[in-house]
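Q: Take a look at start-v4.cif, mmCIF, C-alpha atoms and all ligand atoms:
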data_input
loop_
_atom_site.label_atom_id
_atom_site.label_comp_id
_atom_site.auth_asym_id
_atom_site.auth_seq_id
_atom_site.Cartn_x
_atom_site.Cartn_y
_atom_site.Cartn_z
CA MET A 1 86.52 168.49 10.39
CA MET A 2 83.07 169.65 11.43
CA ASN A 3 81.70 166.30 10.49
CA LEU A 4 84.21 164.41 12.60
CA GLY A 5 83.46 166.53 15.70
CA LYS A 6 79.80 165.81 15.31
CA LYS A 7 80.46 162.11 15.03
CA PHE A 8 82.40 162.09 18.31
CA LYS A 9 79.61 163.94 20.10
CA THR A 10 77.14 161.24 19.19
CA LEU A 11 79.54 158.47 20.22
CA PRO A 12 78.58 158.39 23.96
CA LEU A 13 74.91 158.34 23.01
CA PHE A 14 75.57 155.52 20.57
CA LEU A 15 77.47 153.53 23.23
CA LEU A 16 74.66 154.06 25.73
CA LEU A 17 72.02 152.86 23.28
CA ALA A 18 74.19 149.92 22.24
CA SER A 19 74.68 148.79 25.85
CA ILE A 20 70.95 149.10 26.57
CA ALA A 21 70.28 146.98 23.47
CA LEU A 22 72.85 144.40 24.58
CA PHE A 23 71.36 144.33 28.08
CA LEU A 24 67.86 143.74 26.69
CA THR A 25 69.08 140.94 24.39
CA GLY A 26 70.78 139.37 27.39
CA CYS A 27 67.56 139.50 29.40
CA ALA A 28 65.57 138.01 26.55
CA SER A 29 67.96 135.12 26.05
CA THR A 30 68.05 134.15 29.74
CA SER A 31 64.27 134.07 30.12
CA VAL A 32 63.19 130.56 31.09
CA VAL A 33 61.59 128.37 28.45
CA LYS A 34 58.59 126.70 30.04
CA ALA A 35 58.96 123.01 30.75
CA GLN A 36 56.55 120.81 28.93
CA PRO A 37 56.22 117.14 29.67
CA ALA A 38 57.61 115.13 26.78
CA SER A 39 54.94 113.18 24.92
CA ALA A 40 55.32 109.41 24.61
CA GLN A 41 56.36 109.96 21.00
CA GLU A 42 59.08 112.41 21.97
CA ILE A 43 60.38 110.09 24.68
CA ALA A 44 60.58 107.28 22.17
CA ALA A 45 62.53 109.56 19.84
CA GLY A 46 65.04 110.58 22.53
CA ASN A 47 68.66 110.59 21.44
CA ILE A 48 71.00 108.57 23.68
CA GLU A 49 74.16 110.47 22.70
CA ASN A 50 72.49 113.88 23.29
CA GLY A 51 71.26 112.58 26.63
CA ARG A 52 74.77 111.50 27.57
CA ARG A 53 76.19 114.90 26.67
CA LEU A 54 73.51 116.68 28.72
CA PHE A 55 73.97 114.32 31.65
CA MET A 56 77.75 114.75 31.72
CA GLY A 57 77.54 118.51 31.31
CA TYR A 58 79.33 118.45 27.91
CA ALA A 59 76.25 120.16 26.49
CA ARG A 60 74.50 122.99 28.30
CA LEU A 61 70.96 122.52 29.55
CA GLN A 62 68.85 125.16 27.81
CA ASN A 63 67.51 126.67 31.03
CA ASP A 64 70.89 126.52 32.76
CA GLY A 65 70.02 123.67 35.11
CA PRO A 66 73.03 121.99 36.76
CA PRO A 67 74.34 118.91 34.92
CA CYS A 68 73.06 115.65 36.40
CA MET A 69 76.66 114.43 36.74
CA GLY A 70 77.13 116.95 39.57
CA CYS A 71 75.03 114.70 41.82
CA HIS A 72 74.67 111.35 40.03
CA SER A 73 76.78 108.66 38.40
CA VAL A 74 75.72 106.52 35.46
CA GLY A 75 77.76 103.54 34.37
CA ASP A 76 81.47 103.88 34.57
CA ASN A 77 81.58 107.55 33.68
CA GLY A 78 85.07 108.88 33.98
CA LEU A 79 87.79 108.19 36.51
CA LEU A 80 85.99 109.50 39.57
CA GLY A 81 82.41 109.04 38.37
CA GLY A 82 79.77 111.64 39.04
CA GLY A 83 78.62 113.25 42.26
CA ALA A 84 77.49 111.13 45.16
CA MET A 85 74.70 113.34 46.49
CA GLY A 86 72.05 111.53 44.43
CA PRO A 87 71.75 107.78 43.83
CA ASP A 88 73.69 106.00 41.04
CA LEU A 89 71.32 106.04 38.06
CA THR A 90 72.86 103.17 36.06
CA ASN A 91 69.91 100.85 36.62
CA VAL A 92 67.28 103.42 37.53
CA SER A 93 64.87 102.21 34.85
CA THR A 94 64.74 98.81 36.52
CA ARG A 95 63.91 100.45 39.88
CA LEU A 96 61.46 103.06 38.67
CA SER A 97 58.78 102.94 35.98
CA GLN A 98 59.07 105.18 32.90
CA ASP A 99 56.25 107.28 34.35
CA GLU A 100 58.10 107.76 37.62
CA ILE A 101 61.31 108.80 35.85
CA ALA A 102 59.30 111.12 33.58
CA SER A 103 57.72 112.60 36.69
CA ILE A 104 61.17 113.48 38.08
CA LEU A 105 62.39 114.86 34.75
CA THR A 106 59.27 116.96 34.14
CA ASN A 107 59.21 117.95 37.80
CA SER A 108 55.51 117.21 37.95
CA GLY A 109 53.48 114.23 39.06
CA SER A 110 53.76 111.96 42.06
CA THR A 111 57.47 111.00 42.04
CA LEU A 112 59.55 114.04 42.89
CA SER A 113 63.01 114.43 44.32
CA PRO A 114 62.94 116.87 47.24
CA VAL A 115 66.48 117.89 46.32
CA MET A 116 65.98 118.29 42.57
CA GLN A 117 62.47 119.72 42.64
CA PRO A 118 63.28 123.30 43.72
CA ILE A 119 66.37 123.47 41.48
CA PHE A 120 64.62 122.26 38.34
CA THR A 121 61.54 124.41 39.03
CA ASP A 122 63.75 127.42 38.38
CA HIS A 123 65.67 125.70 35.56
CA PRO A 124 63.24 123.26 33.94
CA LEU A 125 64.34 120.64 31.42
CA THR A 126 62.81 121.12 27.97
CA ALA A 127 60.74 118.32 26.42
CA SER A 128 63.55 117.24 24.09
CA GLU A 129 66.09 117.27 26.95
CA GLN A 130 63.74 115.07 29.01
CA ALA A 131 63.41 112.66 26.08
CA ASP A 132 67.19 112.52 25.47
CA LEU A 133 67.97 112.01 29.18
CA MET A 134 65.32 109.29 29.41
CA ALA A 135 66.83 107.52 26.38
CA PHE A 136 70.29 107.78 27.94
CA LEU A 137 69.13 106.41 31.31
CA ASN A 138 67.26 103.52 29.66
CA ALA A 139 70.35 102.66 27.61
CA SER A 140 72.61 102.48 30.65
CA VAL A 141 70.85 99.50 32.26
CA GLY A 142 73.25 96.64 32.93
CA GLN A 143 76.43 98.68 32.57
CA PRO A 144 79.02 98.25 35.32
CA GLU A 145 78.49 100.93 37.93
CA SER A 146 81.33 103.32 38.47
CA ASN A 147 83.79 102.07 41.00
CA LYS A 148 85.19 105.36 42.16
CA GLU A 149 85.89 104.24 45.74
CA ILE A 150 88.80 102.10 44.50
CA TRP A 151 90.21 105.02 42.54
CA VAL A 152 89.76 107.44 45.43
CA PHE A 153 91.52 104.92 47.69
CA GLY A 154 94.33 104.39 45.16
CA ILE A 155 94.87 108.10 44.59
CA SER A 156 94.89 108.78 48.34
CA LEU A 157 97.37 105.96 48.90
CA ALA A 158 99.64 107.25 46.11
CA GLY A 159 99.45 110.73 47.65
CA PHE A 160 100.36 109.36 51.08
CA VAL A 161 103.33 107.41 49.73
CA ALA A 162 104.50 110.47 47.78
CA ALA A 163 104.20 112.65 50.91
CA VAL A 164 106.17 110.18 53.05
CA GLY A 165 108.81 109.99 50.31
CA ALA A 166 109.03 113.79 50.04
CA ILE A 167 109.34 114.24 53.81
CA GLY A 168 112.00 111.54 53.94
CA PHE A 169 113.89 113.26 51.13
CA ILE A 170 113.68 116.70 52.78
CA TYR A 171 114.85 115.42 56.19
CA ARG A 172 117.42 112.89 54.91
CA GLY A 173 120.38 115.18 55.65
CA ARG A 174 119.20 115.98 59.13
CA LEU A 175 118.78 112.38 60.22
CA ARG A 176 122.17 111.49 58.86
CA SER A 177 123.94 114.37 60.56
CA VAL A 178 122.32 113.55 63.90
CA ARG A 179 123.38 109.95 63.54
CA ARG A 180 126.89 110.97 62.44
CA ALA A 181 127.22 113.18 65.51
CA LEU A 182 126.13 110.33 67.77
CA VAL A 183 128.54 107.94 66.08
CA ASN A 184 131.40 110.43 66.35
CA GLN A 185 130.65 110.99 70.02
CA ALA A 186 130.52 107.26 70.74
CA GLN A 187 133.81 106.72 68.95
CA LYS A 188 135.40 109.53 70.94
CA GLU A 189 134.22 107.96 74.20
CA LEU A 190 135.65 104.59 73.18
CA GLN A 191 139.08 106.03 72.41
C1 LIG A 201 71.68 118.93 43.17
C2 LIG A 201 71.88 117.53 42.98
C3 LIG A 201 71.13 116.83 41.86
C4 LIG A 201 71.16 117.12 40.51
C5 LIG A 201 71.91 118.25 39.81
C6 LIG A 201 70.35 116.13 39.87
N1 LIG A 201 69.84 115.27 40.80
FE1 LIG A 201 68.65 113.66 40.41
N2 LIG A 201 68.50 113.28 42.43
C7 LIG A 201 69.19 113.95 43.42
C8 LIG A 201 68.89 113.32 44.71
C9 LIG A 201 69.48 113.76 46.06
C10 LIG A 201 68.00 112.27 44.45
C11 LIG A 201 67.35 111.28 45.46
C12 LIG A 201 66.03 111.80 45.89
C13 LIG A 201 66.20 112.97 46.84
O1 LIG A 201 66.77 112.79 47.94
O2 LIG A 201 65.76 114.08 46.51
C14 LIG A 201 67.78 112.26 43.00
C15 LIG A 201 66.98 111.33 42.33
C16 LIG A 201 66.92 111.19 40.96
C17 LIG A 201 66.21 110.13 40.28
C18 LIG A 201 65.46 109.00 40.97
C19 LIG A 201 66.48 107.97 41.38
C20 LIG A 201 65.96 106.86 42.25
O3 LIG A 201 66.61 105.82 42.28
O4 LIG A 201 64.95 107.05 42.93
C21 LIG A 201 66.38 110.33 38.94
C22 LIG A 201 65.83 109.48 37.80
C23 LIG A 201 67.20 111.51 38.78
N3 LIG A 201 67.50 112.01 40.03
C24 LIG A 201 67.59 112.03 37.56
C25 LIG A 201 68.36 113.19 37.42
C26 LIG A 201 68.70 113.77 36.13
C27 LIG A 201 68.35 113.17 34.78
C28 LIG A 201 69.39 114.91 36.39
C29 LIG A 201 69.94 115.94 35.40
C30 LIG A 201 68.96 116.58 34.59
C31 LIG A 201 69.49 115.04 37.85
N4 LIG A 201 68.86 113.98 38.43
C32 LIG A 201 70.15 116.06 38.50
C33 LIG A 201 70.03 115.03 43.24
C34 LIG A 201 70.30 115.66 42.03
#
I'd like the structure from this file rewritten - as structure tokens, please.
Ligand code: HEC

A:
Amino acid sequence: MMNLGKKFKTLPLFLLLASIALFLTGCASTSVVKAQPASAQEIAAGNIENGRRLFMGYARLQNDGPPCMGCHSVGDNGLLGGGAMGPDLTNVSTRLSQDEIASILTNSGSTLSPVMQPIFTDHPLTASEQADLMAFLNASVGQPESNKEIWVFGISLAGFVAAVGAIGFIYRGRLRSVRRALVNQAQKELQ
């Protein structure tokens, strides 16, 4: 019995220490890994599939940067494509040199995006992420660009038709009864 009482007394202390430990581990794991420009060798070794997963947001960027898909489209990615804030990147490696793309991904050098620069300064891409994204972007050249406008138009049209149908259905009784009343009245006047 004595032993049990003692154990319970140390419980709050134990919980306090455990939460401090958890808090410190949390802090350690969210500290930002410094961005390092990928070497030419690393870029060459980039993995297209990893790059695709990072781009689409299926895989988390190590420093918690937002997925590229939030602002960009590449190829025909998904029904509604990616965000439209940034340019479509399907053929970016025919517009920009590898150095210019690397400059954007490393957030250093002469080609910087005023929109991406502050975001990715706080959440830099790691060297292997840069290499994988570069490989993915290079591999997308020539793919059909996403055609989300048609889908957006189609979905809006379907929604409009459905809304008209629903309103017609809800008010069907009312229209009929108004008409019936008018018809009845007209018939009465004719008699
Ligand atoms: C918050 C929105 C946003 C996110 C997230 C974002 N970008 Fe961008 N990006 C832009 C904008 C906007 C531009 C156009 C330049 C500008 O106005 O800053 C751009 C430009 C680019 C360009 C140059 C395109 C060109 O044709 O000049 C590349 C390459 C690029 N982004 C790659 C990426 C990659 C890879 C990611 C993911 C790691 C990413 N971006 C995430 C907004 C974003």

Q: Using only C-alpha atoms and all ligand atoms, find the one residue out of A:Val74, A:Val115, A:Ala139, A:Leu61 that sits nearest to ligand LIG 201 (chain A).

A: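 Using only C-alpha atoms and all ligand atoms, the shortest distance to ligand LIG 201 (chain A) belongs to A:Val115.
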
Q: One decimal, Å: what's the distance from CA of Gln62 in chain A over to atom C7 of ligand LIG 201 (chain A), could you say?

A: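 It comes out at 19.2 Å.
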
Q: Can you list, as a PyMOL selection string, every protein, DNA or RNA residue that comes within 12 Å of Ile119 in chain A when you count all atoms listed in the file, leaving out same-chain residues fewer than 2 positions away?

A: chain A and resi 63-68+104-105+107+112-117+121-125

Q: Between atom C31 of ligand LIG 201 (chain A) and CA of Ser156 in chain A, what distance in Å does the model show, to one decimal?

A: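 Pair atom C31 of ligand LIG 201 (chain A) / CA of Ser156 in chain A returns 28.2 Å.
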
Q: Using all atoms listed in the file, which of A:Ala59, A:Gln191, A:Asn138, A:Arg180 sits nearest Leu96 in chain A?

A: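 Comparing A:Ala59, A:Gln191, A:Asn138, A:Arg180 against Leu96 in chain A, the winner is A:Asn138.
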
Q: Nearest to Ser93 in chain A among A:Met69, A:Met134, A:Leu54, A:Ala162, with distances taken over all atoms listed in the file: which residue is it?

A: A:Met134

Q: How far is it from CA of Ala163 in chain A to CA of Asp76 in chain A, in Å with one decimal?

A: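 These two atoms are separated by 29.3 Å.
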
Q: Go through A:Glu129, A:Gly168, A:Leu190, A:Gly86 and flag the residue nearest ligand LIG 201 (chain A), using all atoms listed in the file for the distances.

A: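 The closest residue to ligand LIG 201 (chain A) is A:Gly86.
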
Q: When distances are computed from all atoms listed in the file, which of A:Ala18, A:Ile155, A:Ile101, A:Met56 shows the smallest separation from ligand LIG 201 (chain A)?

A: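 Result for the nearest residue to ligand LIG 201 (chain A): A:Ile101.
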
Q: Under the rule that all atoms listed in the file are counted, which of A:Ile48, A:Ala181, A:Ala127, A:Leu133 is the nearest residue to ligand LIG 201 (chain A)?

A: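 Smallest distance to ligand LIG 201 (chain A) is found for A:Leu133.
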
Q: Got a sec: who's within 9 Å of Met85 in chain A, counting only C-alpha atoms, leaving out chain neighbours fewer than 5 positions off, as a list in words?

A: Gly70, Cys71 and His72 of chain A
